[in-house]
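Structure file query24.pdb (PDB, C-alpha atoms and all ligand atoms) is printed below.
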ATOM      1  CA  MET A 787     -28.955  -2.301  -0.116  1.00  0.00           C
ATOM      2  CA  LEU A 788     -26.072  -0.311  -1.470  1.00  0.00           C
ATOM      3  CA  ARG A 789     -26.023   0.391  -5.217  1.00  0.00           C
ATOM      4  CA  GLY A 790     -28.269  -2.627  -5.730  1.00  0.00           C
ATOM      5  CA  ILE A 791     -25.993  -4.982  -3.816  1.00  0.00           C
ATOM      6  CA  GLU A 792     -27.233  -6.640  -0.656  1.00  0.00           C
ATOM      7  CA  ILE A 793     -24.814  -5.891   2.165  1.00  0.00           C
ATOM      8  CA  ASN A 794     -24.927  -8.697   4.681  1.00  0.00           C
ATOM      9  CA  ASN A 795     -22.642  -7.138   7.197  1.00  0.00           C
ATOM     10  CA  THR A 796     -20.177  -4.334   7.505  1.00  0.00           C
ATOM     11  CA  VAL A 797     -17.629  -6.205   9.575  1.00  0.00           C
ATOM     12  CA  CYS A 798     -14.081  -6.129   8.273  1.00  0.00           C
ATOM     13  CA  CYS A 799     -13.404  -9.373   6.399  1.00  0.00           C
ATOM     14  CA  LEU A 800      -9.729  -9.335   7.368  1.00  0.00           C
ATOM     15  CA  CYS A 801     -10.211  -9.369  11.146  1.00  0.00           C
ATOM     16  CA  ASN A 802     -13.933 -10.043  11.685  1.00  0.00           C
ATOM     17  CA  ARG A 803     -13.784  -7.765  14.693  1.00  0.00           C
ATOM     18  CA  PHE A 804     -14.368  -4.181  13.666  1.00  0.00           C
ATOM     19  CA  ASP A 805     -16.595  -2.379  11.220  1.00  0.00           C
ATOM     20  CA  GLU A 806     -14.921  -1.912   7.909  1.00  0.00           C
ATOM     21  CA  ASP A 807     -14.518   1.696   7.015  1.00  0.00           C
ATOM     22  CA  GLU A 808     -11.756   2.986   4.789  1.00  0.00           C
ATOM     23  CA  TYR A 809      -9.650   4.213   7.703  1.00  0.00           C
ATOM     24  CA  HIS A 810      -9.789   0.834   9.413  1.00  0.00           C
ATOM     25  CA  LEU A 811      -9.146  -1.095   6.230  1.00  0.00           C
ATOM     26  CA  PHE A 812      -6.228   0.920   4.858  1.00  0.00           C
ATOM     27  CA  ILE A 813      -4.557   2.419   7.918  1.00  0.00           C
ATOM     28  CA  ASP A 814      -5.570   1.247  11.338  1.00  0.00           C
ATOM     29  CA  SER A 815      -6.361  -2.458  11.213  1.00  0.00           C
ATOM     30  CA  GLU A 816      -3.874  -4.987  12.496  1.00  0.00           C
ATOM     31  CA  VAL A 817      -3.236  -6.226   8.962  1.00  0.00           C
ATOM     32  CA  SER A 818      -2.692  -2.789   7.458  1.00  0.00           C
ATOM     33  CA  SER A 819      -0.588  -1.561  10.420  1.00  0.00           C
ATOM     34  CA  GLN A 820       1.726  -4.515   9.947  1.00  0.00           C
ATOM     35  CA  ILE A 821       1.968  -3.788   6.240  1.00  0.00           C
ATOM     36  CA  TRP A 822       2.832  -0.110   6.835  1.00  0.00           C
ATOM     37  CA  GLN A 823       5.462  -1.126   9.414  1.00  0.00           C
ATOM     38  CA  LYS A 824       7.042  -3.491   6.923  1.00  0.00           C
ATOM     39  CA  VAL A 825       7.021  -0.810   4.247  1.00  0.00           C
ATOM     40  CA  SER A 826       8.575   1.649   6.707  1.00  0.00           C
ATOM     41  CA  ARG A 827      11.445  -0.775   7.371  1.00  0.00           C
ATOM     42  CA  TRP A 828      11.858  -1.469   3.662  1.00  0.00           C
ATOM     43  CA  ILE A 829      12.109   2.184   2.655  1.00  0.00           C
ATOM     44  CA  ASN A 830      14.075   3.020   5.811  1.00  0.00           C
ATOM     45  CA  TYR A 831      11.837   5.998   6.429  1.00  0.00           C
ATOM     46  CA  THR A 832       9.532   6.573   9.388  1.00  0.00           C
ATOM     47  CA  ILE A 833       5.897   6.578   8.356  1.00  0.00           C
ATOM     48  CA  PRO A 834       3.852   8.778  10.702  1.00  0.00           C
ATOM     49  CA  THR A 835       0.639   7.752  12.431  1.00  0.00           C
ATOM     50  CA  TRP A 836      -2.119   9.035  10.207  1.00  0.00           C
ATOM     51  CA  ASN A 837      -5.505  10.104  11.492  1.00  0.00           C
ATOM     52  CA  SER A 838      -7.232   9.937   8.139  1.00  0.00           C
ATOM     53  CA  ILE A 839      -6.903   8.565   4.632  1.00  0.00           C
ATOM     54  CA  ASP A 840      -6.280  12.082   3.352  1.00  0.00           C
ATOM     55  CA  GLU A 841      -3.263  12.416   5.633  1.00  0.00           C
ATOM     56  CA  ALA A 842      -1.819   9.268   4.112  1.00  0.00           C
ATOM     57  CA  TRP A 843      -2.315  10.548   0.560  1.00  0.00           C
ATOM     58  CA  LEU A 844      -0.833  13.936   1.422  1.00  0.00           C
ATOM     59  CA  TRP A 845       2.063  12.542   3.442  1.00  0.00           C
ATOM     60  CA  ASP A 846       4.578  12.812   0.619  1.00  0.00           C
ATOM     61  CA  ASP A 847       3.994  16.604   0.482  1.00  0.00           C
ATOM     62  CA  GLY A 848       6.233  16.810   3.554  1.00  0.00           C
ATOM     63  CA  VAL A 849       8.928  14.572   2.138  1.00  0.00           C
ATOM     64  CA  PRO A 850      11.951  16.421   0.756  1.00  0.00           C
ATOM     65  CA  ILE A 851      12.240  16.319  -3.018  1.00  0.00           C
ATOM     66  CA  ILE A 852      15.621  14.701  -3.245  1.00  0.00           C
ATOM     67  CA  ASN A 853      16.481  12.118  -5.868  1.00  0.00           C
ATOM     68  CA  ASN A 854      12.832  11.775  -6.860  1.00  0.00           C
ATOM     69  CA  GLN A 855      12.031  10.472  -3.391  1.00  0.00           C
ATOM     70  CA  ARG A 856       8.640  12.146  -3.330  1.00  0.00           C
ATOM     71  CA  THR A 857       7.631  10.421  -6.555  1.00  0.00           C
ATOM     72  CA  ILE A 858       8.930   7.100  -5.303  1.00  0.00           C
ATOM     73  CA  ILE A 859       7.020   7.414  -2.044  1.00  0.00           C
ATOM     74  CA  ARG A 860       3.852   8.346  -3.899  1.00  0.00           C
ATOM     75  CA  VAL A 861       4.170   5.244  -6.046  1.00  0.00           C
ATOM     76  CA  ILE A 862       4.833   3.039  -3.011  1.00  0.00           C
ATOM     77  CA  VAL A 863       1.876   4.468  -1.055  1.00  0.00           C
ATOM     78  CA  SER A 864      -0.346   3.879  -4.089  1.00  0.00           C
ATOM     79  CA  SER A 865       0.907   0.317  -4.302  1.00  0.00           C
ATOM     80  CA  VAL A 866       0.126  -0.264  -0.610  1.00  0.00           C
ATOM     81  CA  PHE A 867      -3.430   1.016  -1.034  1.00  0.00           C
ATOM     82  CA  TRP A 868      -3.948  -1.003  -4.199  1.00  0.00           C
ATOM     83  CA  ASN A 869      -2.681  -4.219  -2.616  1.00  0.00           C
ATOM     84  CA  ILE A 870      -4.718  -3.845   0.581  1.00  0.00           C
ATOM     85  CA  TRP A 871      -7.787  -3.335  -1.623  1.00  0.00           C
ATOM     86  CA  HIS A 872      -6.805  -6.432  -3.618  1.00  0.00           C
ATOM     87  CA  LEU A 873      -6.423  -8.430  -0.382  1.00  0.00           C
ATOM     88  CA  ARG A 874      -9.813  -7.285   0.868  1.00  0.00           C
ATOM     89  CA  ASN A 875     -11.524  -8.127  -2.420  1.00  0.00           C
ATOM     90  CA  SER A 876      -9.796 -11.470  -2.583  1.00  0.00           C
ATOM     91  CA  HIS A 877     -11.257 -12.331   0.810  1.00  0.00           C
ATOM     92  CA  ILE A 878     -14.727 -11.290  -0.253  1.00  0.00           C
ATOM     93  CA  PHE A 879     -14.909 -12.502  -3.856  1.00  0.00           C
ATOM     94  CA  ASN A 880     -12.068 -14.905  -4.510  1.00  0.00           C
ATOM     95  CA  ASP A 881     -11.848 -17.283  -1.582  1.00  0.00           C
ATOM     96  CA  ALA A 882      -8.794 -15.439  -0.227  1.00  0.00           C
ATOM     97  CA  LYS A 883      -6.490 -16.683  -2.972  1.00  0.00           C
ATOM     98  CA  PHE A 884      -4.434 -13.531  -2.552  1.00  0.00           C
ATOM     99  CA  LYS A 885      -3.169 -13.914   1.009  1.00  0.00           C
ATOM    100  CA  LYS A 886      -1.812 -11.583   3.671  1.00  0.00           C
ATOM    101  CA  SER A 887       1.596 -13.206   3.222  1.00  0.00           C
ATOM    102  CA  HIS A 888       1.572 -12.158  -0.464  1.00  0.00           C
ATOM    103  CA  VAL A 889       0.852  -8.506   0.152  1.00  0.00           C
ATOM    104  CA  PHE A 890       4.277  -7.116   0.941  1.00  0.00           C
ATOM    105  CA  ASP A 891       6.021  -8.819  -1.982  1.00  0.00           C
ATOM    106  CA  SER A 892       3.250  -7.686  -4.267  1.00  0.00           C
ATOM    107  CA  ILE A 893       3.613  -4.090  -3.048  1.00  0.00           C
ATOM    108  CA  VAL A 894       7.327  -4.172  -3.850  1.00  0.00           C
ATOM    109  CA  VAL A 895       6.815  -5.707  -7.308  1.00  0.00           C
ATOM    110  CA  ASN A 896       3.874  -3.524  -8.338  1.00  0.00           C
ATOM    111  CA  ALA A 897       5.602  -0.329  -7.249  1.00  0.00           C
ATOM    112  CA  PHE A 898       8.733  -1.354  -9.174  1.00  0.00           C
ATOM    113  CA  GLU A 899       6.698  -2.045 -12.309  1.00  0.00           C
ATOM    114  CA  TRP A 900       4.937   1.316 -12.007  1.00  0.00           C
ATOM    115  CA  MET A 901       8.253   3.116 -11.528  1.00  0.00           C
ATOM    116  CA  TYR A 902       9.719   1.272 -14.484  1.00  0.00           C
ATOM    117  CA  SER A 903       6.827   2.099 -16.789  1.00  0.00           C
ATOM    118  CA  ARG A 904       6.639   5.708 -15.604  1.00  0.00           C
ATOM    119  CA  PHE A 905      10.257   6.499 -16.316  1.00  0.00           C
ATOM    120  CA  HIS A 906      10.487   4.486 -19.544  1.00  0.00           C
ATOM    121  CA  THR A 907      14.104   3.702 -18.901  1.00  0.00           C
ATOM    122  CA  SER A 908      16.188   1.059 -17.288  1.00  0.00           C
ATOM    123  CA  GLN A 909      17.246   3.551 -14.618  1.00  0.00           C
ATOM    124  CA  VAL A 910      15.311   1.739 -11.948  1.00  0.00           C
ATOM    125  CA  ASN A 911      17.545  -1.017 -10.680  1.00  0.00           C
ATOM    126  CA  TRP A 912      15.817  -4.040  -9.149  1.00  0.00           C
ATOM    127  CA  THR A 913      18.589  -4.848  -6.675  1.00  0.00           C
ATOM    128  CA  VAL A 914      18.718  -1.274  -5.421  1.00  0.00           C
ATOM    129  CA  TRP A 915      14.921  -1.242  -5.353  1.00  0.00           C
ATOM    130  CA  LEU A 916      14.846  -4.189  -2.963  1.00  0.00           C
ATOM    131  CA  GLN A 917      17.489  -2.756  -0.651  1.00  0.00           C
ATOM    132  CA  ASN A 918      16.999   0.978  -0.761  1.00  0.00           C
ATOM    133  CA  PRO A 919      14.057   2.039  -2.932  1.00  0.00           C
ATOM    134  CA  LEU A 920      14.280   5.742  -2.115  1.00  0.00           C
ATOM    135  CA  ASN A 921      17.673   5.794  -3.825  1.00  0.00           C
ATOM    136  CA  ALA A 922      16.589   3.733  -6.803  1.00  0.00           C
ATOM    137  CA  LEU A 923      16.621   6.652  -9.244  1.00  0.00           C
TER     138      LEU A 923
HETATM  139 ZN    ZN B   1     -10.289  -5.443  10.340  1.00  0.00          ZN
END
Could you write out this file's structure as structure tokens?
Ligand SMILES: [Zn+2]
Amino acid sequence: MLRGIEINNTVCCLCNRFDEDEYHLFIDSEVSSQIWQKVSRWINYTIPTWNSIDEAWLWDDGVPIINNQRTIIRVIVSSVFWNIWHLRNSHIFNDAKFKKSHVFDSIVVNAFEWMYSRFHTSQVNWTVWLQNPLNAL
């Protein structure tokens, strides 16, 4: 029992092969590795191999503050975490209606919406966002 909820197993619902801990789920699993690789190609910026969740959250500290790139990366990393969590919960509670194939597009859209609402302007251009998000501001 965990917080009153019966835990039937601790195996990752996305691969059914490894125990689900936060590092596996968000960073190291096949699904999440593929997502981070796709994000890396999209932002045209090499994402390092992280050894912990904390390293992922602190990664943008080492990114130069040029053209708000640090803020943009922080928003994108948050969007990746949020969408992997959504995918995991969809597999557990929602019959997997939110699919692996939806995750990347959802990351891009959510991060754009968060950027848009944060800056309260029309500065953030959707076309630029799709092609070169780190130069979107
Ligand atoms: Zn897994």
Counting all atoms listed in the file, which residues of chain A fall within 10 Å of ligand ZN 1 (chain B), and what is the closest atom pair for each with its distance in Å at one decimal, ordered by chain and rising number, as CSV?
residue,atom,partner,partner_atom,distance
A:Val797,CA,B:ZN1,ZN,7.4
A:Cys798,CA,B:ZN1,ZN,4.4
A:Cys799,CA,B:ZN1,ZN,6.4
A:Leu800,CA,B:ZN1,ZN,4.9
A:Cys801,CA,B:ZN1,ZN,4.0
A:Asn802,CA,B:ZN1,ZN,6.0
A:Arg803,CA,B:ZN1,ZN,6.0
A:Phe804,CA,B:ZN1,ZN,5.4
A:Asp805,CA,B:ZN1,ZN,7.1
A:Glu806,CA,B:ZN1,ZN,6.3
A:Asp807,CA,B:ZN1,ZN,8.9
A:His810,CA,B:ZN1,ZN,6.4
A:Leu811,CA,B:ZN1,ZN,6.1
A:Phe812,CA,B:ZN1,ZN,9.3
A:Asp814,CA,B:ZN1,ZN,8.2
A:Ser815,CA,B:ZN1,ZN,5.0
A:Glu816,CA,B:ZN1,ZN,6.8
A:Val817,CA,B:ZN1,ZN,7.2
A:Ser818,CA,B:ZN1,ZN,8.5
A:Arg874,CA,B:ZN1,ZN,9.7
TODO: Quick one: everything within 10 Å of A:Phe898, counting all atoms listed in the file, minus sequence neighbours fewer than 3 positions away in the same chain. Send it as a PyMOL selection string.
DONE: chain A and resi 858+861-862+865+892-895+901-904+910-912+915-916+919+922
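Of note, atom CA of A:Trp828 and atom CA of A:Pro850 are spaced 18.1 Å apart.
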Please identify all polymer residues within 10 Å of A:Asn875, counting only C-alpha atoms, omitting same-chain residues fewer than 6 positions from it, and present them as an mmCIF file with C-alpha atoms, in the frame of the given file.
data_model
loop_
_atom_site.group_PDB
_atom_site.id
_atom_site.type_symbol
_atom_site.label_atom_id
_atom_site.label_comp_id
_atom_site.auth_asym_id
_atom_site.auth_seq_id
_atom_site.Cartn_x
_atom_site.Cartn_y
_atom_site.Cartn_z
ATOM 1 C CA CYS A 799 -13.404 -9.373 6.399
ATOM 2 C CA ASN A 869 -2.681 -4.219 -2.616
ATOM 3 C CA ASP A 881 -11.848 -17.283 -1.582
ATOM 4 C CA ALA A 882 -8.794 -15.439 -0.227
ATOM 5 C CA LYS A 883 -6.490 -16.683 -2.972
ATOM 6 C CA PHE A 884 -4.434 -13.531 -2.552
#
- [ ] Give as a list in words the residues that the PyMOL selection byres (((chain A and resi 846-849) around 12) and not hetatm) matches when applied to the coordinates above.
- [x] Tyr831, Thr832, Ile833, Pro834, Asp840, Glu841, Ala842, Trp843, Leu844, Trp845, Pro850, Ile851, Ile852, Asn853, Asn854, Gln855, Arg856, Thr857, Ile858, Ile859, Arg860, Val861, Ile862, Val863, Ser864 and Leu920 of chain A
